[in-house]
file work.pdb (PDB, C-alpha atoms and all ligand atoms)
MODEL        1
ATOM      1  CA  MET A 612      18.542 166.287  86.244
ATOM      2  CA  PRO A 613      21.993 165.773  87.790
ATOM      3  CA  GLU A 614      24.628 164.283  85.545
ATOM      4  CA  ILE A 615      25.195 160.602  86.275
ATOM      5  CA  LEU A 616      28.834 159.634  86.757
ATOM      6  CA  LEU A 617      28.477 155.930  87.335
ATOM      7  CA  LYS A 618      25.629 153.494  86.895
ATOM      8  CA  ALA A 619      25.415 149.863  87.996
ATOM      9  CA  GLU A 620      22.787 147.696  86.334
ATOM     10  CA  GLY A 621      21.636 144.284  87.494
ATOM     11  CA  ILE A 622      24.836 143.344  89.355
ATOM     12  CA  TYR A 623      25.095 139.724  90.515
ATOM     13  CA  LYS A 624      28.100 138.300  92.309
ATOM     14  CA  SER A 625      28.662 134.901  93.871
ATOM     15  CA  TYR A 626      31.766 133.218  95.228
ATOM     16  CA  ASP A 627      32.462 129.528  94.614
ATOM     17  CA  ASP A 628      32.785 127.345  97.674
ATOM     18  CA  ASP A 629      36.282 125.828  97.727
ATOM     19  CA  ASN A 630      34.909 122.760  99.513
ATOM     20  CA  GLY A 631      32.512 121.867  96.709
ATOM     21  CA  GLY A 632      29.378 123.246  98.357
ATOM     22  CA  SER A 633      26.948 125.553  96.608
ATOM     23  CA  PRO A 634      28.292 129.008  95.705
ATOM     24  CA  LEU A 635      27.725 131.899  98.080
ATOM     25  CA  GLN A 636      25.417 134.431  96.439
ATOM     26  CA  VAL A 637      26.546 137.845  97.713
ATOM     27  CA  LEU A 638      24.939 140.376  95.360
ATOM     28  CA  GLU A 639      21.617 139.857  93.610
ATOM     29  CA  ASN A 640      20.386 142.441  91.173
ATOM     30  CA  VAL A 641      22.035 145.559  92.572
ATOM     31  CA  ASN A 642      21.142 148.760  90.721
ATOM     32  CA  LEU A 643      22.448 152.199  91.588
ATOM     33  CA  GLU A 644      23.457 155.553  90.169
ATOM     34  CA  ILE A 645      26.061 157.995  91.428
ATOM     35  CA  ALA A 646      25.417 161.589  90.403
ATOM     36  CA  LYS A 647      28.348 163.936  89.806
ATOM     37  CA  GLY A 648      29.573 165.878  92.827
ATOM     38  CA  THR A 649      27.598 163.884  95.382
ATOM     39  CA  ILE A 650      28.521 161.931  98.494
ATOM     40  CA  THR A 651      26.882 158.531  98.825
ATOM     41  CA  SER A 652      27.148 156.250 101.849
ATOM     42  CA  ILE A 653      26.711 152.499 101.667
ATOM     43  CA  ILE A 654      25.691 150.820 104.891
ATOM     44  CA  GLY A 655      24.867 147.202 105.707
ATOM     45  CA  SER A 656      25.797 144.521 108.191
ATOM     46  CA  SER A 657      29.155 142.776 108.180
ATOM     47  CA  GLY A 658      29.318 140.276 105.326
ATOM     48  CA  SER A 659      26.422 141.873 103.442
ATOM     49  CA  GLY A 660      28.587 142.535 100.365
ATOM     50  CA  LYS A 661      29.614 146.185 100.723
ATOM     51  CA  SER A 662      33.290 145.697  99.882
ATOM     52  CA  THR A 663      32.386 143.272  97.109
ATOM     53  CA  LEU A 664      30.151 145.922  95.542
ATOM     54  CA  LEU A 665      32.768 148.669  95.932
ATOM     55  CA  HIS A 666      35.352 146.502  94.175
ATOM     56  CA  ILE A 667      32.961 145.813  91.313
ATOM     57  CA  LEU A 668      31.992 149.480  90.939
ATOM     58  CA  GLY A 669      35.664 150.432  90.830
ATOM     59  CA  GLY A 670      36.598 147.754  88.291
ATOM     60  CA  LEU A 671      38.778 145.820  90.748
ATOM     61  CA  ASP A 672      36.522 142.790  90.414
ATOM     62  CA  LYS A 673      34.028 141.584  87.828
ATOM     63  CA  PRO A 674      30.356 140.781  88.404
ATOM     64  CA  ASN A 675      28.969 137.400  87.305
ATOM     65  CA  LYS A 676      26.193 139.278  85.593
ATOM     66  CA  GLY A 677      25.324 142.924  85.053
ATOM     67  CA  SER A 678      27.272 146.012  84.035
ATOM     68  CA  VAL A 679      28.972 149.076  85.455
ATOM     69  CA  PHE A 680      28.756 152.090  83.169
ATOM     70  CA  TRP A 681      30.818 155.257  83.133
ATOM     71  CA  GLY A 682      28.839 157.379  80.734
ATOM     72  CA  ASN A 683      28.309 154.985  77.843
ATOM     73  CA  LYS A 684      31.369 152.902  78.642
ATOM     74  CA  ASP A 685      30.715 149.471  80.143
ATOM     75  CA  ILE A 686      33.804 148.986  82.306
ATOM     76  CA  SER A 687      32.809 145.436  83.266
ATOM     77  CA  SER A 688      33.638 144.325  79.733
ATOM     78  CA  MET A 689      36.974 146.147  79.356
ATOM     79  CA  ASN A 690      40.180 144.111  79.028
ATOM     80  CA  PRO A 691      42.445 144.109  82.112
ATOM     81  CA  ASP A 692      45.053 146.531  80.715
ATOM     82  CA  ASP A 693      42.523 149.112  79.548
ATOM     83  CA  LEU A 694      40.665 148.765  82.809
ATOM     84  CA  ALA A 695      43.814 149.326  84.885
ATOM     85  CA  GLY A 696      44.552 152.513  82.922
ATOM     86  CA  PHE A 697      40.977 153.669  83.251
ATOM     87  CA  ARG A 698      40.953 153.099  87.019
ATOM     88  CA  ASN A 699      44.236 154.876  87.534
ATOM     89  CA  LYS A 700      42.975 158.005  85.745
ATOM     90  CA  ASN A 701      39.418 158.179  87.020
ATOM     91  CA  ILE A 702      39.076 156.527  90.400
ATOM     92  CA  GLY A 703      40.847 157.039  93.707
ATOM     93  CA  PHE A 704      40.634 154.215  96.228
ATOM     94  CA  VAL A 705      40.888 154.578  99.995
ATOM     95  CA  PHE A 706      40.857 151.251 101.815
ATOM     96  CA  GLN A 707      40.183 150.432 105.441
ATOM     97  CA  PHE A 708      43.717 149.099 105.809
ATOM     98  CA  HIS A 709      45.621 151.702 103.893
ATOM     99  CA  HIS A 710      47.403 149.410 101.340
ATOM    100  CA  LEU A 711      50.410 151.728 101.189
ATOM    101  CA  LEU A 712      53.565 150.141  99.802
ATOM    102  CA  PRO A 713      55.883 149.496 102.776
ATOM    103  CA  GLU A 714      59.183 149.895 100.928
ATOM    104  CA  PHE A 715      58.404 153.416  99.705
ATOM    105  CA  THR A 716      58.205 156.729 101.559
ATOM    106  CA  ALA A 717      54.907 158.518 102.101
ATOM    107  CA  LEU A 718      55.723 160.955  99.302
ATOM    108  CA  GLU A 719      56.660 158.160  96.900
ATOM    109  CA  ASN A 720      53.442 156.309  97.728
ATOM    110  CA  ILE A 721      51.400 159.404  96.911
ATOM    111  CA  ALA A 722      53.300 160.108  93.682
ATOM    112  CA  MET A 723      53.038 156.492  92.469
ATOM    113  CA  PRO A 724      49.714 156.701  90.550
ATOM    114  CA  ALA A 725      51.050 159.636  88.505
ATOM    115  CA  LEU A 726      54.382 157.917  87.829
ATOM    116  CA  ILE A 727      52.500 154.847  86.609
ATOM    117  CA  ASN A 728      50.584 157.232  84.384
ATOM    118  CA  GLY A 729      53.834 158.437  82.810
ATOM    119  CA  GLN A 730      54.253 161.747  84.615
ATOM    120  CA  SER A 731      57.785 163.011  85.298
ATOM    121  CA  ILE A 732      59.263 162.440  88.760
ATOM    122  CA  LYS A 733      59.595 166.214  89.286
ATOM    123  CA  LYS A 734      55.986 166.967  88.428
ATOM    124  CA  ALA A 735      54.618 164.026  90.393
ATOM    125  CA  SER A 736      56.740 164.852  93.452
ATOM    126  CA  ASP A 737      55.653 168.489  93.379
ATOM    127  CA  ARG A 738      51.991 167.569  93.308
ATOM    128  CA  ALA A 739      52.469 164.874  95.955
ATOM    129  CA  LEU A 740      54.073 167.439  98.245
ATOM    130  CA  ASP A 741      51.255 169.934  97.622
ATOM    131  CA  LEU A 742      48.729 167.283  98.588
ATOM    132  CA  MET A 743      50.729 166.407 101.694
ATOM    133  CA  LYS A 744      50.707 170.063 102.737
ATOM    134  CA  ARG A 745      46.987 170.217 102.213
ATOM    135  CA  PHE A 746      46.461 167.169 104.396
ATOM    136  CA  GLY A 747      48.884 168.367 107.054
ATOM    137  CA  VAL A 748      51.429 165.555 106.681
ATOM    138  CA  ALA A 749      54.191 167.249 104.651
ATOM    139  CA  ASP A 750      56.674 166.904 107.516
ATOM    140  CA  ARG A 751      56.200 163.127 107.299
ATOM    141  CA  ARG A 752      57.126 162.877 103.628
ATOM    142  CA  PHE A 753      60.253 160.762 104.119
ATOM    143  CA  HIS A 754      58.599 158.385 106.574
ATOM    144  CA  ARG A 755      57.693 154.878 105.514
ATOM    145  CA  PRO A 756      54.129 153.669 106.148
ATOM    146  CA  THR A 757      55.066 151.739 109.314
ATOM    147  CA  GLN A 758      56.542 154.955 110.747
ATOM    148  CA  LEU A 759      53.208 156.783 110.408
ATOM    149  CA  SER A 760      50.269 156.795 112.811
ATOM    150  CA  GLY A 761      46.938 155.331 111.659
ATOM    151  CA  GLY A 762      45.495 158.796 111.052
ATOM    152  CA  GLU A 763      48.582 159.865 109.083
ATOM    153  CA  GLN A 764      48.467 156.676 107.011
ATOM    154  CA  GLN A 765      44.869 157.415 106.118
ATOM    155  CA  ARG A 766      45.674 161.005 105.143
ATOM    156  CA  VAL A 767      48.515 159.756 102.953
ATOM    157  CA  SER A 768      46.062 157.276 101.398
ATOM    158  CA  MET A 769      43.639 160.082 100.654
ATOM    159  CA  ALA A 770      46.399 162.151  99.071
ATOM    160  CA  ARG A 771      47.398 159.130  96.965
ATOM    161  CA  ALA A 772      43.772 158.628  95.919
ATOM    162  CA  LEU A 773      43.632 162.241  94.707
ATOM    163  CA  MET A 774      46.966 162.235  92.899
ATOM    164  CA  ASN A 775      45.556 161.854  89.377
ATOM    165  CA  ASN A 776      42.582 164.167  89.923
ATOM    166  CA  PRO A 777      40.024 161.364  89.814
ATOM    167  CA  GLN A 778      36.332 161.961  89.246
ATOM    168  CA  LEU A 779      35.343 159.472  91.907
ATOM    169  CA  ILE A 780      36.720 158.457  95.297
ATOM    170  CA  LEU A 781      35.734 154.997  96.494
ATOM    171  CA  ALA A 782      36.393 154.647 100.210
ATOM    172  CA  ASP A 783      35.928 151.404 102.144
ATOM    173  CA  GLU A 784      35.439 152.300 105.812
ATOM    174  CA  PRO A 785      38.131 154.991 105.644
ATOM    175  CA  THR A 786      37.714 155.784 109.327
ATOM    176  CA  GLY A 787      37.196 152.214 110.543
ATOM    177  CA  ASN A 788      40.413 152.117 112.563
ATOM    178  CA  LEU A 789      40.603 155.702 113.740
ATOM    179  CA  ASP A 790      39.703 157.503 116.949
ATOM    180  CA  ASP A 791      36.992 160.167 117.010
ATOM    181  CA  ALA A 792      39.329 163.091 116.341
ATOM    182  CA  ASN A 793      40.947 161.476 113.299
ATOM    183  CA  THR A 794      37.578 160.240 112.059
ATOM    184  CA  GLN A 795      36.352 163.821 112.075
ATOM    185  CA  ILE A 796      39.454 165.063 110.217
ATOM    186  CA  ILE A 797      39.182 162.418 107.486
ATOM    187  CA  LEU A 798      35.467 163.026 107.066
ATOM    188  CA  ASP A 799      35.867 166.776 106.844
ATOM    189  CA  MET A 800      38.518 166.183 104.196
ATOM    190  CA  LEU A 801      36.214 163.959 102.178
ATOM    191  CA  PHE A 802      33.473 166.550 102.265
ATOM    192  CA  GLU A 803      35.928 169.299 101.381
ATOM    193  CA  LEU A 804      37.075 167.340  98.341
ATOM    194  CA  ARG A 805      33.615 167.445  96.935
ATOM    195  CA  LYS A 806      33.496 171.208  97.439
ATOM    196  CA  LEU A 807      36.986 172.084  96.202
ATOM    197  CA  ASP A 808      37.690 169.425  93.596
ATOM    198  CA  GLY A 809      34.147 168.546  92.511
ATOM    199  CA  VAL A 810      34.805 164.849  93.018
ATOM    200  CA  SER A 811      32.053 162.388  93.807
ATOM    201  CA  VAL A 812      32.548 160.174  96.830
ATOM    202  CA  LEU A 813      31.141 156.735  97.541
ATOM    203  CA  LEU A 814      31.981 155.508 100.988
ATOM    204  CA  ILE A 815      31.210 152.447 103.023
ATOM    205  CA  THR A 816      30.579 153.165 106.648
ATOM    206  CA  HIS A 817      29.266 151.582 109.815
ATOM    207  CA  GLU A 818      28.701 154.934 111.454
ATOM    208  CA  LYS A 819      25.264 156.429 111.374
ATOM    209  CA  LYS A 820      26.455 159.986 111.834
ATOM    210  CA  ILE A 821      28.601 159.712 108.722
ATOM    211  CA  ALA A 822      25.753 158.319 106.683
ATOM    212  CA  GLU A 823      23.550 161.161 107.881
ATOM    213  CA  ARG A 824      25.966 163.745 106.476
ATOM    214  CA  SER A 825      25.935 162.287 102.964
ATOM    215  CA  ASP A 826      23.552 163.211 100.155
ATOM    216  CA  THR A 827      22.328 159.644  99.722
ATOM    217  CA  THR A 828      22.489 156.556 101.914
ATOM    218  CA  LEU A 829      22.077 153.128 100.355
ATOM    219  CA  GLU A 830      21.628 149.999 102.428
ATOM    220  CA  ILE A 831      22.652 146.545 101.222
ATOM    221  CA  LYS A 832      20.347 143.901 102.616
ATOM    222  CA  ASN A 833      19.811 140.350 101.390
ATOM    223  CA  GLY A 834      22.212 141.007  98.511
ATOM    224  CA  THR A 835      20.439 144.017  97.120
ATOM    225  CA  ILE A 836      19.800 147.714  97.619
ATOM    226  CA  GLY A 837      16.187 148.315  98.512
TER
HETATM  227  N1  LIG B 901      37.207 136.243  97.600
HETATM  228  C1  LIG B 901      36.178 135.700  98.273
HETATM  229  N2  LIG B 901      35.940 134.374  98.201
HETATM  230  C2  LIG B 901      34.896 133.818  98.856
HETATM  231  N3  LIG B 901      34.018 134.515  99.610
HETATM  232  C3  LIG B 901      34.208 135.826  99.718
HETATM  233  C4  LIG B 901      35.290 136.502  99.065
HETATM  234  N4  LIG B 901      35.224 137.825  99.354
HETATM  235  C5  LIG B 901      34.149 137.965 100.159
HETATM  236  N5  LIG B 901      33.523 136.780 100.370
HETATM  237  C6  LIG B 901      32.300 136.568 101.171
HETATM  238  O1  LIG B 901      31.289 137.409 100.608
HETATM  239  C7  LIG B 901      30.495 138.002 101.641
HETATM  240  C8  LIG B 901      30.533 139.508 101.490
HETATM  241  O2  LIG B 901      31.839 139.977 101.777
HETATM  242  P1  LIG B 901      32.202 141.523 101.796
HETATM  243  O3  LIG B 901      33.640 141.618 102.089
HETATM  244  O4  LIG B 901      31.713 142.155 100.557
HETATM  245  O5  LIG B 901      31.309 142.025 103.040
HETATM  246  P2  LIG B 901      31.230 143.440 103.747
HETATM  247  O6  LIG B 901      29.807 143.879 103.691
HETATM  248  O7  LIG B 901      32.245 144.344 103.168
HETATM  249  O8  LIG B 901      31.588 143.088 105.271
HETATM  250  P3  LIG B 901      32.425 143.944 106.379
HETATM  251  O9  LIG B 901      31.475 144.994 106.888
HETATM  252  O10 LIG B 901      32.708 142.907 107.431
HETATM  253  O11 LIG B 901      33.647 144.495 105.734
HETATM  254  C9  LIG B 901      31.063 137.496 102.961
HETATM  255  O12 LIG B 901      30.248 136.442 103.423
HETATM  256  C10 LIG B 901      32.451 136.999 102.612
HETATM  257  O13 LIG B 901      32.815 135.918 103.426
HETATM  258 MG    MG B 902      34.031 145.193 103.912
ENDMDL
END
call {"tool": "encode", "arguments": {"input": "work.pdb", "output": "structure tokens"}}
result
Amino acid sequence: MPEILLKAEGIYKSYDDDNGGSPLQVLENVNLEIAKGTITSIIGSSGSGKSTLLHILGGLDKPNKGSVFWGNKDISSMNPDDLAGFRNKNIGFVFQFHHLLPEFTALENIAMPALINGQSIKKASDRALDLMKRFGVADRRFHRPTQLSGGEQQRVSMARALMNNPQLILADEPTGNLDDANTQIILDMLFELRKLDGVSVLLITHEKKIAERSDTTLEIKNGTIG
């Protein structure tokens, strides 16, 4: 049996209606397991709850009911400080819109998770530069995010996600805004990560050909995974 990295049990999530109407039920009894070293795609129509689920799995948001387990640890019940530390060490996020910090250079953005973790500037910068070389963007290290192309921004985001050697990469439509060539580059990188670094990847995608390359494809429909 493959080792399970993350397990979601009975996840429910609704959003209150600001206008006093009935709450919007987005997730209803979602159950899933992510095995170590695997690539899982989540597909589903727009508004079906994919991003909501990704945020809950990564501890960025809490479910109304249900639990997310890492091993025996229920991260849905951790206090915010412990959870932030846990996330920073174990999970790398890649968002559709890169979420890089505009006032910092590409290299500083990549080094940030390690600096937050208490690593020295020298050590963090060295690793950030290594990652930039690996992703082919080292010559852009002093550029700020607005001075990078969409494909470069996404490569910098991937490097940032890997900075602390996470066990899991959560990627929300990482190629959503890219042309075919850059989509291919980012995808190849994601699949290489699994091979070289042994990380597990969970990615949301609209593209069938991406889903077909992954080990498992899960579809969210009517709030749940069938
Ligand atoms: N903070 C929020 N407050 C209220 N409603 C929200 C909030 N976040 C998301 N929703 C609603 O929850 C539903 C699911 O949103 P979610 O972003 O998870 O969808 P998605 O599957 O990621 O869609 P897309 O493919 O368009 O990114 C949507 O109807 C959305 O309007
Ligand atoms: Mg989304």
call {"tool": "closest_residue", "arguments": {"input": "work.pdb", "among": "A:Lys832, A:Lys819, A:Lys806, A:Lys733", "to": "Thr649 (chain A)", "atoms": "all atoms listed in the file"}}
result
A:Lys806
call {"tool": "residues_around", "arguments": {"input": "work.pdb", "residues": "Trp681 (chain A)", "least_positions_apart": "5", "cutoff": "10 Å", "atoms": "only C-alpha atoms", "output": "list of chain:residue names"}}
result
A:Ile615, A:Leu616, A:Leu617, A:Lys618, A:Ala619, A:Ile645, A:Leu668, A:Ile686, A:Asn701
call {"tool": "atom_distance", "arguments": {"input": "work.pdb", "atom1": "atom C7 of ligand LIG 901 (chain B)", "atom2": "CA of Val767 (chain A)"}}
result
28.3 Å
call {"tool": "residues_near_ligand", "arguments": {"input": "work.pdb", "ligand": "ligand MG 902 (chain B)", "cutoff": "9 Å", "atoms": "only C-alpha atoms and all ligand atoms", "output": "list in words"}}
result
Ser657, Gly658, Ser659, Gly660, Lys661, Ser662, Thr663, Leu665, Gln707, Asp783, Glu784 and Ile815 of chain A
call {"tool": "residues_around", "arguments": {"input": "work.pdb", "residues": "Ser678 (chain A)", "least_positions_apart": "6", "cutoff": "8 Å", "atoms": "only C-alpha atoms", "output": "PyMOL selection string"}}
result
chain A and resi 619-622+685-688
call {"tool": "closest_residue", "arguments": {"input": "work.pdb", "among": "A:Asn683, A:Ser736, A:Thr816, A:Thr828", "to": "ligand LIG 901 (chain B)", "atoms": "all atoms listed in the file"}}
result
A:Thr816
call {"tool": "closest_residue", "arguments": {"input": "work.pdb", "among": "A:His666, A:Lys734, A:Lys820, A:Lys684", "to": "ligand LIG 901 (chain B)", "atoms": "only C-alpha atoms and all ligand atoms"}}
result
A:His666
call {"tool": "closest_residue", "arguments": {"input": "work.pdb", "among": "A:Asn675, A:Ser760, A:Leu779, A:Ala770", "to": "Leu718 (chain A)", "atoms": "only C-alpha atoms"}}
result
A:Ala770
call {"tool": "residues_near_ligand", "arguments": {"input": "work.pdb", "ligand": "ligand LIG 901 (chain B)", "cutoff": "12 Å", "atoms": "only C-alpha atoms and all ligand atoms", "output": "PyMOL selection string"}}
result
chain A and resi 624-630+632-639+653-667+671-673+706-708+782-785+787+814-818+830-835
call {"tool": "residues_around", "arguments": {"input": "work.pdb", "residues": "Ile780 (chain A)", "least_positions_apart": "5", "cutoff": "7 Å", "atoms": "only C-alpha atoms", "output": "list in words"}}
result
Ile702, Gly703, Phe704, Ser811, Val812 and Leu813 of chain A
call {"tool": "closest_residue", "arguments": {"input": "work.pdb", "among": "A:Phe680, A:Asp750, A:Phe715, A:Met774", "to": "Asp737 (chain A)", "atoms": "all atoms listed in the file"}}
result
A:Met774
call {"tool": "residues_around", "arguments": {"input": "work.pdb", "residues": "Val748 (chain A)", "least_positions_apart": "5", "cutoff": "9 Å", "atoms": "all atoms listed in the file", "output": "list in words"}}
result
Leu742, Met743, Glu763, Arg766 and Val767 of chain A
call {"tool": "resolve_selection", "arguments": {"input": "work.pdb", "expression": "the PyMOL selection byres (((chain A and resi 695) around 12) and not hetatm)", "output": "list in words"}}
result
Gly669, Gly670, Leu671, Asp672, Ile686, Ser687, Met689, Asn690, Pro691, Asp692, Asp693, Leu694, Gly696, Phe697, Arg698, Asn699, Lys700, Asn701, Ile702, Pro724, Ile727 and Asn728 of chain A
call {"tool": "write_last_selection", "arguments": {"input": "work.pdb", "atoms": "C-alpha atoms", "output": "PDB file, in the coordinates of the input"}}
result
ATOM      1  CA  GLY A 669      35.664 150.432  90.830  1.00  0.00           C
ATOM      2  CA  GLY A 670      36.598 147.754  88.291  1.00  0.00           C
ATOM      3  CA  LEU A 671      38.778 145.820  90.748  1.00  0.00           C
ATOM      4  CA  ASP A 672      36.522 142.790  90.414  1.00  0.00           C
ATOM      5  CA  ILE A 686      33.804 148.986  82.306  1.00  0.00           C
ATOM      6  CA  SER A 687      32.809 145.436  83.266  1.00  0.00           C
ATOM      7  CA  MET A 689      36.974 146.147  79.356  1.00  0.00           C
ATOM      8  CA  ASN A 690      40.180 144.111  79.028  1.00  0.00           C
ATOM      9  CA  PRO A 691      42.445 144.109  82.112  1.00  0.00           C
ATOM     10  CA  ASP A 692      45.053 146.531  80.715  1.00  0.00           C
ATOM     11  CA  ASP A 693      42.523 149.112  79.548  1.00  0.00           C
ATOM     12  CA  LEU A 694      40.665 148.765  82.809  1.00  0.00           C
ATOM     13  CA  GLY A 696      44.552 152.513  82.922  1.00  0.00           C
ATOM     14  CA  PHE A 697      40.977 153.669  83.251  1.00  0.00           C
ATOM     15  CA  ARG A 698      40.953 153.099  87.019  1.00  0.00           C
ATOM     16  CA  ASN A 699      44.236 154.876  87.534  1.00  0.00           C
ATOM     17  CA  LYS A 700      42.975 158.005  85.745  1.00  0.00           C
ATOM     18  CA  ASN A 701      39.418 158.179  87.020  1.00  0.00           C
ATOM     19  CA  ILE A 702      39.076 156.527  90.400  1.00  0.00           C
ATOM     20  CA  PRO A 724      49.714 156.701  90.550  1.00  0.00           C
ATOM     21  CA  ILE A 727      52.500 154.847  86.609  1.00  0.00           C
ATOM     22  CA  ASN A 728      50.584 157.232  84.384  1.00  0.00           C
TER      23      ASN A 728
END
call {"tool": "atom_distance", "arguments": {"input": "work.pdb", "atom1": "CA of Leu807 (chain A)", "atom2": "CA of Gln764 (chain A)"}}
result
22.0 Å
call {"tool": "axis_aligned_box", "arguments": {"input": "work.pdb", "around": "region 787-790 of chain A", "padding_each_side": "8 Å", "output": "lines of an AutoDock Vina configuration file"}}
result
center_x = 38.9
center_y = 154.8
center_z = 113.7
size_x = 19.4
size_y = 21.4
size_z = 22.4
call {"tool": "atom_distance", "arguments": {"input": "work.pdb", "atom1": "CA of Leu643 (chain A)", "atom2": "CA of Val810 (chain A)"}}
result
17.7 Å
call {"tool": "closest_residue", "arguments": {"input": "work.pdb", "among": "A:Gly762, A:Gly648, A:Pro613, A:Gly677", "to": "Asp790 (chain A)", "atoms": "all atoms listed in the file"}}
result
A:Gly762
call {"tool": "decode", "arguments": {"input": "work.pdb", "residues": "region 756-770 of chain A", "atoms": "C-alpha atoms", "output": "CSV table (one decimal), in the first residue's frame"}}
result
chain,number,residue,atom,x,y,z
A,756,PRO,CA,7.5,40.7,-10.4
A,757,THR,CA,6.0,43.4,-12.7
A,758,GLN,CA,9.2,43.2,-14.8
A,759,LEU,CA,8.8,39.5,-15.4
A,760,SER,CA,6.8,37.8,-18.1
A,761,GLY,CA,3.8,35.6,-17.1
A,762,GLY,CA,5.9,32.4,-17.7
A,763,GLU,CA,8.8,33.8,-15.7
A,764,GLN,CA,6.5,34.8,-12.8
A,765,GLN,CA,5.1,31.3,-12.7
A,766,ARG,CA,8.6,29.8,-12.7
A,767,VAL,CA,9.6,32.1,-9.9
A,768,SER,CA,6.4,31.0,-8.0
A,769,MET,CA,7.4,27.4,-8.4
A,770,ALA,CA,10.9,28.1,-7.1
